[in-house]
file query_9.txt (compact mmCIF, C-alpha atoms)
# COMPACT_ATOMS: atom_id res chain seq x y z
CA MET A 1 -11.47 -194.26 195.37
CA ARG A 2 -14.76 -192.62 194.40
CA ARG A 3 -16.99 -191.16 197.10
CA ARG A 4 -19.70 -193.80 196.53
CA GLN A 5 -17.13 -196.59 196.73
CA PHE A 6 -15.74 -195.09 199.94
CA ILE A 7 -19.19 -194.92 201.54
CA THR A 8 -19.93 -198.51 200.51
CA LEU A 9 -16.62 -199.68 201.91
CA LEU A 10 -17.14 -197.84 205.17
CA GLY A 11 -20.76 -198.92 205.53
CA GLY A 12 -19.84 -202.59 205.09
CA ALA A 13 -16.84 -202.38 207.36
CA ALA A 14 -18.61 -203.55 210.52
CA ALA A 15 -19.79 -206.72 208.81
CA ALA A 16 -16.60 -207.38 206.86
CA TRP A 17 -14.04 -206.93 209.62
CA PRO A 18 -14.08 -208.21 213.22
CA LEU A 19 -13.96 -205.14 215.43
CA ALA A 20 -10.35 -204.62 216.53
CA ALA A 21 -10.07 -208.40 216.59
CA ARG A 22 -6.31 -208.73 216.72
CA ALA A 23 -5.99 -206.08 219.43
CA GLN A 24 -8.69 -207.66 221.56
CA GLN A 25 -7.13 -211.12 221.18
CA ALA A 26 -3.95 -209.62 222.61
CA GLY A 27 -5.94 -208.33 225.58
CA ALA A 28 -5.77 -204.68 224.54
CA VAL A 29 -7.52 -202.19 222.32
CA PRO A 30 -5.87 -200.12 219.57
CA ILE A 31 -4.62 -196.69 220.56
CA ILE A 32 -5.21 -193.55 218.49
CA GLY A 33 -2.89 -190.60 218.96
CA PHE A 34 -4.62 -187.21 218.71
CA LEU A 35 -2.16 -184.36 218.11
CA GLN A 36 -3.51 -180.80 218.23
CA ALA A 37 -1.57 -177.53 218.02
CA SER A 38 -4.08 -175.55 220.08
CA ALA A 39 -5.69 -176.00 223.50
CA ALA A 40 -8.34 -178.55 224.40
CA ASP A 41 -10.97 -176.04 225.50
CA ARG A 42 -10.91 -174.34 222.08
CA VAL A 43 -11.78 -177.39 220.02
CA ARG A 44 -14.38 -179.24 222.08
CA ASP A 45 -16.64 -179.36 219.02
CA VAL A 46 -13.89 -181.00 216.98
CA VAL A 47 -13.23 -183.64 219.65
CA ALA A 48 -16.94 -184.42 219.93
CA VAL A 49 -17.34 -184.83 216.18
CA PHE A 50 -14.16 -186.90 215.88
CA GLU A 51 -15.25 -189.30 218.64
CA ASP A 52 -18.76 -189.51 217.20
CA GLY A 53 -17.29 -190.33 213.79
CA LEU A 54 -15.38 -193.20 215.36
CA LYS A 55 -18.49 -194.48 217.13
CA GLN A 56 -20.44 -194.53 213.88
CA THR A 57 -17.91 -196.97 212.45
CA GLY A 58 -17.85 -199.23 215.49
CA PHE A 59 -14.90 -197.84 217.44
CA VAL A 60 -16.15 -196.60 220.80
CA PRO A 61 -13.66 -194.49 222.80
CA ASP A 62 -12.70 -196.07 226.14
CA GLU A 63 -14.33 -199.33 225.09
CA THR A 64 -13.09 -200.69 221.77
CA VAL A 65 -10.45 -198.04 221.16
CA ALA A 66 -8.31 -195.74 223.31
CA ILE A 67 -7.40 -192.14 222.42
CA GLU A 68 -4.26 -190.44 223.67
CA TYR A 69 -4.74 -186.67 223.43
CA ARG A 70 -1.80 -184.27 223.20
CA TRP A 71 -2.26 -180.47 223.17
CA ALA A 72 0.47 -177.97 222.27
CA ASN A 73 -1.55 -174.99 223.60
CA ASP A 74 -0.28 -172.83 220.69
CA GLU A 75 3.35 -173.60 221.62
CA TYR A 76 4.24 -175.12 218.28
CA ASP A 77 7.79 -176.02 219.24
CA ARG A 78 6.31 -178.57 221.68
CA LEU A 79 4.72 -180.60 218.87
CA PRO A 80 7.77 -182.83 218.15
CA GLN A 81 8.05 -183.75 221.83
CA LEU A 82 4.33 -184.48 222.06
CA MET A 83 4.55 -186.64 218.97
CA GLN A 84 7.43 -188.58 220.49
CA GLU A 85 5.24 -189.24 223.52
CA LEU A 86 2.61 -190.74 221.23
CA VAL A 87 5.24 -192.89 219.54
CA GLY A 88 6.23 -194.13 222.98
CA ARG A 89 2.61 -195.10 223.64
CA HIS A 90 2.74 -197.40 220.59
CA VAL A 91 -0.22 -195.76 218.90
CA ALA A 92 -1.69 -197.58 215.90
CA VAL A 93 -2.52 -194.37 214.01
CA VAL A 94 -2.17 -190.64 214.61
CA PHE A 95 -4.77 -187.99 213.87
CA ALA A 96 -3.16 -184.56 213.40
CA ALA A 97 -5.14 -181.35 213.13
CA THR A 98 -3.58 -178.35 211.30
CA PRO A 99 -0.64 -178.55 208.87
CA ILE A 100 2.00 -177.78 211.49
CA ALA A 101 0.87 -180.67 213.69
CA ALA A 102 0.71 -183.00 210.68
CA LEU A 103 4.25 -182.06 209.62
CA ALA A 104 5.53 -182.61 213.16
CA ALA A 105 3.89 -186.03 213.18
CA LYS A 106 5.38 -186.91 209.80
CA ARG A 107 8.91 -185.97 210.87
CA ALA A 108 8.73 -187.88 214.14
CA ALA A 109 7.19 -191.12 212.91
CA SER A 110 8.09 -192.59 209.54
CA ALA A 111 6.24 -195.86 210.06
CA ILE A 112 3.04 -194.86 211.89
CA PRO A 113 0.05 -194.03 209.65
CA ILE A 114 -1.16 -190.45 210.01
CA VAL A 115 -4.53 -188.92 209.17
CA PHE A 116 -4.69 -185.13 208.93
CA CYS A 117 -7.43 -182.54 208.68
CA VAL A 118 -6.18 -179.24 207.25
CA GLY A 119 -7.54 -176.09 205.64
CA SER A 120 -4.64 -175.77 203.22
CA ASP A 121 -3.23 -177.67 200.25
CA PRO A 122 -1.60 -180.83 201.68
CA VAL A 123 0.52 -181.26 198.55
CA LYS A 124 2.04 -177.78 198.84
CA ASP A 125 2.43 -178.33 202.59
CA GLY A 126 4.58 -181.36 201.84
CA LEU A 127 2.25 -183.82 203.53
CA VAL A 128 1.43 -186.01 200.51
CA ALA A 129 2.68 -186.54 196.97
CA SER A 130 -0.75 -185.99 195.42
CA LEU A 131 -4.39 -185.82 196.45
CA ASN A 132 -5.51 -188.90 194.53
CA ARG A 133 -2.46 -191.02 195.39
CA PRO A 134 -0.97 -189.79 198.65
CA GLY A 135 1.57 -192.61 198.96
CA GLY A 136 3.66 -192.98 202.08
CA THR A 137 1.97 -193.11 205.47
CA MET A 138 -0.31 -190.06 205.31
CA THR A 139 -3.77 -189.16 204.09
CA GLY A 140 -6.72 -187.12 205.38
CA THR A 141 -9.15 -184.37 204.54
CA THR A 142 -8.78 -180.77 203.40
CA PHE A 143 -11.26 -177.94 203.18
CA PHE A 144 -8.95 -175.59 201.22
CA ALA A 145 -9.95 -172.64 203.40
CA ASP A 146 -7.08 -170.48 202.17
CA LEU A 147 -8.27 -170.67 198.56
CA LEU A 148 -11.63 -169.00 199.22
CA SER A 149 -10.39 -165.45 199.73
CA ALA A 150 -11.80 -164.34 196.37
CA LYS A 151 -15.29 -165.54 197.28
CA ARG A 152 -15.18 -163.90 200.71
CA LEU A 153 -13.91 -160.60 199.31
CA GLY A 154 -16.68 -160.65 196.72
CA LEU A 155 -19.27 -161.11 199.47
CA LEU A 156 -17.86 -158.18 201.44
CA ARG A 157 -17.87 -156.01 198.32
CA GLU A 158 -21.50 -156.89 197.71
CA LEU A 159 -22.56 -155.91 201.23
CA VAL A 160 -20.41 -152.84 201.88
CA HIS A 161 -21.41 -150.13 199.42
CA GLY A 162 -19.70 -146.81 198.91
CA SER A 163 -16.20 -148.04 199.60
CA ASP A 164 -13.55 -149.67 197.48
CA ILE A 165 -10.97 -150.18 200.25
CA PHE A 166 -10.86 -153.39 202.26
CA GLY A 167 -8.47 -154.76 204.85
CA VAL A 168 -6.98 -158.24 204.94
CA LEU A 169 -5.75 -159.64 208.25
CA VAL A 170 -3.12 -162.37 207.89
CA ASN A 171 -0.75 -164.29 210.13
CA PRO A 172 2.73 -164.03 208.54
CA LYS A 173 3.80 -167.21 210.35
CA ASN A 174 1.29 -169.24 208.38
CA ALA A 175 3.03 -171.19 205.63
CA ASN A 176 0.13 -170.48 203.27
CA ALA A 177 -0.06 -166.72 203.95
CA ASP A 178 1.59 -165.84 200.63
CA LEU A 179 -0.88 -168.01 198.73
CA GLU A 180 -3.86 -166.38 200.42
CA ILE A 181 -2.45 -162.90 199.80
CA LYS A 182 -1.98 -163.77 196.12
CA ASP A 183 -5.56 -165.05 195.91
CA ALA A 184 -6.90 -161.88 197.56
CA ASN A 185 -4.86 -159.59 195.29
CA GLU A 186 -6.14 -161.34 192.17
CA ALA A 187 -9.71 -160.99 193.43
CA ALA A 188 -9.16 -157.31 194.24
CA GLN A 189 -7.99 -156.63 190.68
CA SER A 190 -11.07 -158.26 189.19
CA LEU A 191 -13.38 -156.38 191.59
CA GLY A 192 -11.60 -153.05 191.19
CA VAL A 193 -10.92 -152.59 194.90
CA THR A 194 -7.84 -151.69 196.96
CA LEU A 195 -6.54 -153.92 199.73
CA VAL A 196 -4.79 -152.92 202.94
CA PHE A 197 -2.85 -155.80 204.47
CA ALA A 198 -2.17 -156.12 208.19
CA ASN A 199 -0.32 -158.79 210.15
CA ALA A 200 -1.30 -160.45 213.41
CA GLN A 201 0.77 -163.24 214.92
CA SER A 202 0.17 -162.50 218.60
CA THR A 203 -2.74 -161.20 220.65
CA GLY A 204 -0.98 -157.85 221.01
CA ASP A 205 -1.08 -157.38 217.24
CA ILE A 206 -4.82 -157.77 216.77
CA GLU A 207 -6.19 -154.38 217.82
CA LYS A 208 -3.22 -152.51 216.33
CA SER A 209 -3.81 -154.17 212.98
CA ILE A 210 -7.53 -153.47 213.04
CA VAL A 211 -6.88 -149.81 213.84
CA HIS A 212 -4.31 -149.66 211.02
CA VAL A 213 -6.83 -151.00 208.53
CA ARG A 214 -9.53 -148.61 209.75
CA ASP A 215 -7.18 -145.61 209.58
CA ARG A 216 -6.34 -146.47 205.97
CA GLY A 217 -10.00 -146.02 205.06
CA ALA A 218 -11.14 -149.63 204.87
CA ALA A 219 -14.82 -150.37 205.37
CA GLY A 220 -14.48 -154.12 205.64
CA LEU A 221 -12.00 -156.70 206.91
CA LEU A 222 -11.28 -160.07 205.35
CA VAL A 223 -9.82 -162.39 207.99
CA ALA A 224 -7.48 -164.98 206.49
CA SER A 225 -7.87 -168.65 207.29
CA ASP A 226 -5.33 -169.41 210.00
CA SER A 227 -5.43 -171.40 213.23
CA PHE A 228 -4.28 -168.44 215.37
CA LEU A 229 -6.76 -166.01 213.78
CA ASN A 230 -9.55 -168.58 213.98
CA LEU A 231 -8.86 -169.22 217.66
CA HIS A 232 -9.07 -165.47 218.35
CA GLY A 233 -11.99 -164.95 216.00
CA GLN A 234 -14.34 -163.72 218.72
CA GLU A 235 -11.89 -161.01 219.80
CA ILE A 236 -11.30 -159.97 216.20
CA ALA A 237 -15.03 -159.85 215.47
CA GLN A 238 -15.82 -157.70 218.50
CA LEU A 239 -12.91 -155.29 217.94
CA ALA A 240 -13.78 -154.93 214.26
CA LEU A 241 -17.37 -154.13 215.21
CA GLN A 242 -16.12 -151.58 217.73
CA TYR A 243 -14.14 -149.88 214.95
CA ARG A 244 -17.05 -150.12 212.50
CA LEU A 245 -15.52 -152.68 210.18
CA ALA A 246 -17.61 -155.33 208.45
CA THR A 247 -15.86 -158.71 208.69
CA CYS A 248 -15.83 -161.95 206.75
CA PHE A 249 -14.35 -165.11 208.31
CA SER A 250 -13.68 -168.69 207.26
CA PHE A 251 -15.81 -170.36 209.93
CA ARG A 252 -19.14 -169.86 211.65
CA GLU A 253 -18.01 -169.23 215.23
CA PRO A 254 -16.56 -165.69 214.75
CA ALA A 255 -19.65 -164.66 212.79
CA ALA A 256 -21.85 -165.85 215.63
CA ALA A 257 -19.65 -163.85 218.05
CA GLY A 258 -20.23 -160.52 216.28
CA GLY A 259 -18.64 -160.84 212.87
CA LEU A 260 -20.74 -159.87 209.87
CA MET A 261 -20.45 -163.12 207.95
CA ALA A 262 -18.53 -166.30 207.32
CA TYR A 263 -18.07 -168.38 204.22
CA GLY A 264 -16.20 -171.65 204.05
CA ALA A 265 -16.28 -175.38 204.13
CA ASN A 266 -18.13 -177.26 206.83
CA ARG A 267 -15.15 -177.81 209.14
CA LEU A 268 -16.85 -180.36 211.38
CA ASP A 269 -17.85 -182.48 208.40
CA ALA A 270 -14.17 -182.63 207.41
CA TYR A 271 -13.21 -183.84 210.90
CA ARG A 272 -15.93 -186.48 210.86
CA ARG A 273 -14.67 -187.82 207.54
CA ALA A 274 -11.12 -187.84 208.90
CA ALA A 275 -12.36 -190.03 211.76
CA ASN A 276 -13.77 -192.41 209.16
CA TYR A 277 -10.32 -192.69 207.62
CA VAL A 278 -8.81 -193.43 211.03
CA SER A 279 -11.31 -196.28 211.36
CA LEU A 280 -10.41 -197.68 207.97
CA ILE A 281 -6.71 -197.66 208.83
CA LEU A 282 -7.39 -199.42 212.14
CA ARG A 283 -9.12 -202.11 210.11
CA GLY A 284 -6.14 -202.63 207.84
CA GLU A 285 -6.30 -200.05 205.04
CA LYS A 286 -3.03 -198.38 204.02
CA ALA A 287 -3.05 -194.61 204.52
CA GLY A 288 -1.16 -194.00 201.29
CA ASN A 289 -3.85 -195.84 199.31
CA LEU A 290 -6.68 -193.62 200.56
CA PRO A 291 -7.14 -190.45 198.46
CA VAL A 292 -7.22 -187.14 200.29
CA GLN A 293 -10.84 -186.10 200.61
CA GLN A 294 -11.78 -182.55 199.65
CA ALA A 295 -14.58 -180.52 201.15
CA THR A 296 -17.95 -180.86 199.47
CA LYS A 297 -20.10 -178.82 201.89
CA PHE A 298 -19.76 -175.03 202.00
CA GLU A 299 -21.69 -172.70 204.29
CA LEU A 300 -22.63 -169.02 204.25
CA VAL A 301 -23.46 -167.54 207.66
CA ILE A 302 -24.75 -163.97 208.03
CA ASN A 303 -25.14 -162.11 211.32
CA LEU A 304 -28.17 -159.89 210.77
CA LYS A 305 -27.78 -158.23 214.17
CA THR A 306 -24.25 -157.10 213.29
CA ALA A 307 -25.42 -155.89 209.90
CA LYS A 308 -28.00 -153.66 211.58
CA LEU A 309 -25.41 -152.28 214.01
CA LEU A 310 -23.22 -151.39 211.02
CA GLY A 311 -26.15 -149.90 209.12
CA LEU A 312 -25.88 -152.44 206.32
CA ALA A 313 -28.81 -153.77 204.35
CA ILE A 314 -28.44 -157.43 203.42
CA PRO A 315 -29.84 -158.23 199.94
CA GLN A 316 -32.71 -160.67 199.99
CA THR A 317 -30.86 -162.89 197.54
CA LEU A 318 -28.05 -163.39 200.06
CA LEU A 319 -30.44 -164.00 202.95
CA VAL A 320 -32.14 -166.72 200.91
CA ALA A 321 -28.79 -168.24 199.92
CA ALA A 322 -27.42 -168.22 203.48
CA ASP A 323 -27.24 -171.52 205.34
CA GLU A 324 -27.71 -169.67 208.61
CA VAL A 325 -28.96 -166.18 209.48
CA ILE A 326 -28.17 -165.05 213.02
CA GLU A 327 -30.72 -162.54 214.34

call {"tool": "encode", "arguments": {"input": "query_9.txt", "output": "structure tokens"}}
result
Amino acid sequence: MRRRQFITLLGGAAAAWPLAARAQQAGAVPIIGFLQASAADRVRDVVAVFEDGLKQTGFVPDETVAIEYRWANDEYDRLPQLMQELVGRHVAVVFAATPIAALAAKRAASAIPIVFCVGSDPVKDGLVASLNRPGGTMTGTTFFADLLSAKRLGLLRELVHGSDIFGVLVNPKNANADLEIKDANEAAQSLGVTLVFANAQSTGDIEKSIVHVRDRGAAGLLVASDSFLNLHGQEIAQLALQYRLATCFSFREPAAAGGLMAYGANRLDAYRRAANYVSLILRGEKAGNLPVQQATKFELVINLKTAKLLGLAIPQTLLVAADEVIE
């Protein structure tokens, strides 16, 4: 389905379909299961955008649709149990954020349609057969965050002069860590720089890894796209600044918290479009017939205050190209 066709279909949905008609005739509203690997207080922006996306298509939470939220609080082994709870609530569709939550949902419910929003390749993750024809009961959106390492490393190289050593912080538990490492190594070869890799899979690893990278002579730190690293982005940004390391992240929030910059897809836009897919499925569309949507909006955020603290001069060309400059 082309983007224009999708927008036309979605825009005409309110007129073409009676709003949750069958559910209302039965005296109930449809239930959406919301499965998240992290904690509720860390993704308030995601919840707000998801609910707003539903409202824009005519499904108003607590009025014409109900949402059952389940949070794993970073305890990933709880996801199967949480998904079983949603199955027991007879949800009409499940929204699963992050690949690990989506996989847990897929394993626990073979008949319930599932919409995901991930930063990785859903085909390689085993979520769908292909992007254009997902098949099965799953579809969603992806912003391919782990395939942008080359771009982020190039930005760091452009800003940090006089050094050809850069650190890369990865979470070895991430299923796509090897892919991101490969992408970064290929970029390093083309740029003529040396990479120092460091692992962080718990909060106790973060400062040790940053110190390791600093002690190996790195002037900048590329932070891999990973749910754990993203959730602790503020801590990473502040520690890296303390140890005089310029950082580049996948999302805006760590850059706003003291990181040097961020480059990646507009994450909230991806969640809003995932909510649109949930609405379409509630109205009768088959998940497997809806092509996985890929990110179309990418953002560059530069923290000018951090740059000054690090003694870095930001080229005017980058300042003009940035979507947001934090002063």

call {"tool": "axis_aligned_box", "arguments": {"input": "query_9.txt", "around": "segment 183-197 of chain A", "padding_each_side": "3 Å", "output": "AutoDock Vina command-line options"}}
result
--center_x -8.1 --center_y -158.4 --center_z 196.8 --size_x 16.5 --size_y 19.4 --size_z 21.3

call {"tool": "atom_distance", "arguments": {"input": "query_9.txt", "atom1": "atom CA of Gly162 of chain A", "atom2": "atom CA of Asn199 of chain A"}}
result
25.4 Å

call {"tool": "atom_distance", "arguments": {"input": "query_9.txt", "atom1": "atom CA of Tyr69 of chain A", "atom2": "atom CA of Val91 of chain A"}}
result
11.1 Å

call {"tool": "residues_around", "arguments": {"input": "query_9.txt", "residues": "segment 285-292 of chain A", "least_positions_apart": "2", "cutoff": "6 Å", "atoms": "all atoms listed in the file", "output": "list in words"}}
result
Leu131, Asn132, Arg133, Pro134, Gly135, Gly136, Thr137, Met138, Thr139, Gly140, Thr141, Leu280 and Ile281 of chain A

call {"tool": "atom_distance", "arguments": {"input": "query_9.txt", "atom1": "atom CA of Leu229 of chain A", "atom2": "atom CA of Ala200 of chain A"}}
result
7.8 Å

call {"tool": "closest_residue", "arguments": {"input": "query_9.txt", "among": "A:Ala218, A:Leu153, A:Val325, A:Ala295", "to": "Ala265 of chain A", "atoms": "all atoms listed in the file"}}
result
A:Ala295

call {"tool": "residues_near_point", "arguments": {"input": "query_9.txt", "point": "(7.8, -191.7, 212.9)", "cutoff": "12 Å", "atoms": "only C-alpha atoms", "output": "list in words"}}
result
Pro80, Gln81, Met83, Gln84, Glu85, Leu86, Val87, Gly88, His90, Val91, Ala92, Val93, Val94, Ala102, Leu103, Ala104, Ala105, Lys106, Arg107, Ala108, Ala109, Ser110, Ala111, Ile112, Pro113, Ile114, Gly136, Thr137 and Met138 of chain A

call {"tool": "write_last_selection", "arguments": {"input": "query_9.txt", "atoms": "C-alpha atoms", "output": "PDB file, keeping the file's coordinate frame"}}
result
ATOM      1  CA  PRO A  80       7.770-182.830 218.150  1.00  0.00           C
ATOM      2  CA  GLN A  81       8.050-183.750 221.830  1.00  0.00           C
ATOM      3  CA  MET A  83       4.550-186.640 218.970  1.00  0.00           C
ATOM      4  CA  GLN A  84       7.430-188.580 220.490  1.00  0.00           C
ATOM      5  CA  GLU A  85       5.240-189.240 223.520  1.00  0.00           C
ATOM      6  CA  LEU A  86       2.610-190.740 221.230  1.00  0.00           C
ATOM      7  CA  VAL A  87       5.240-192.890 219.540  1.00  0.00           C
ATOM      8  CA  GLY A  88       6.230-194.130 222.980  1.00  0.00           C
ATOM      9  CA  HIS A  90       2.740-197.400 220.590  1.00  0.00           C
ATOM     10  CA  VAL A  91      -0.220-195.760 218.900  1.00  0.00           C
ATOM     11  CA  ALA A  92      -1.690-197.580 215.900  1.00  0.00           C
ATOM     12  CA  VAL A  93      -2.520-194.370 214.010  1.00  0.00           C
ATOM     13  CA  VAL A  94      -2.170-190.640 214.610  1.00  0.00           C
ATOM     14  CA  ALA A 102       0.710-183.000 210.680  1.00  0.00           C
ATOM     15  CA  LEU A 103       4.250-182.060 209.620  1.00  0.00           C
ATOM     16  CA  ALA A 104       5.530-182.610 213.160  1.00  0.00           C
ATOM     17  CA  ALA A 105       3.890-186.030 213.180  1.00  0.00           C
ATOM     18  CA  LYS A 106       5.380-186.910 209.800  1.00  0.00           C
ATOM     19  CA  ARG A 107       8.910-185.970 210.870  1.00  0.00           C
ATOM     20  CA  ALA A 108       8.730-187.880 214.140  1.00  0.00           C
ATOM     21  CA  ALA A 109       7.190-191.120 212.910  1.00  0.00           C
ATOM     22  CA  SER A 110       8.090-192.590 209.540  1.00  0.00           C
ATOM     23  CA  ALA A 111       6.240-195.860 210.060  1.00  0.00           C
ATOM     24  CA  ILE A 112       3.040-194.860 211.890  1.00  0.00           C
ATOM     25  CA  PRO A 113       0.050-194.030 209.650  1.00  0.00           C
ATOM     26  CA  ILE A 114      -1.160-190.450 210.010  1.00  0.00           C
ATOM     27  CA  GLY A 136       3.660-192.980 202.080  1.00  0.00           C
ATOM     28  CA  THR A 137       1.970-193.110 205.470  1.00  0.00           C
ATOM     29  CA  MET A 138      -0.310-190.060 205.310  1.00  0.00           C
TER      30      MET A 138
END
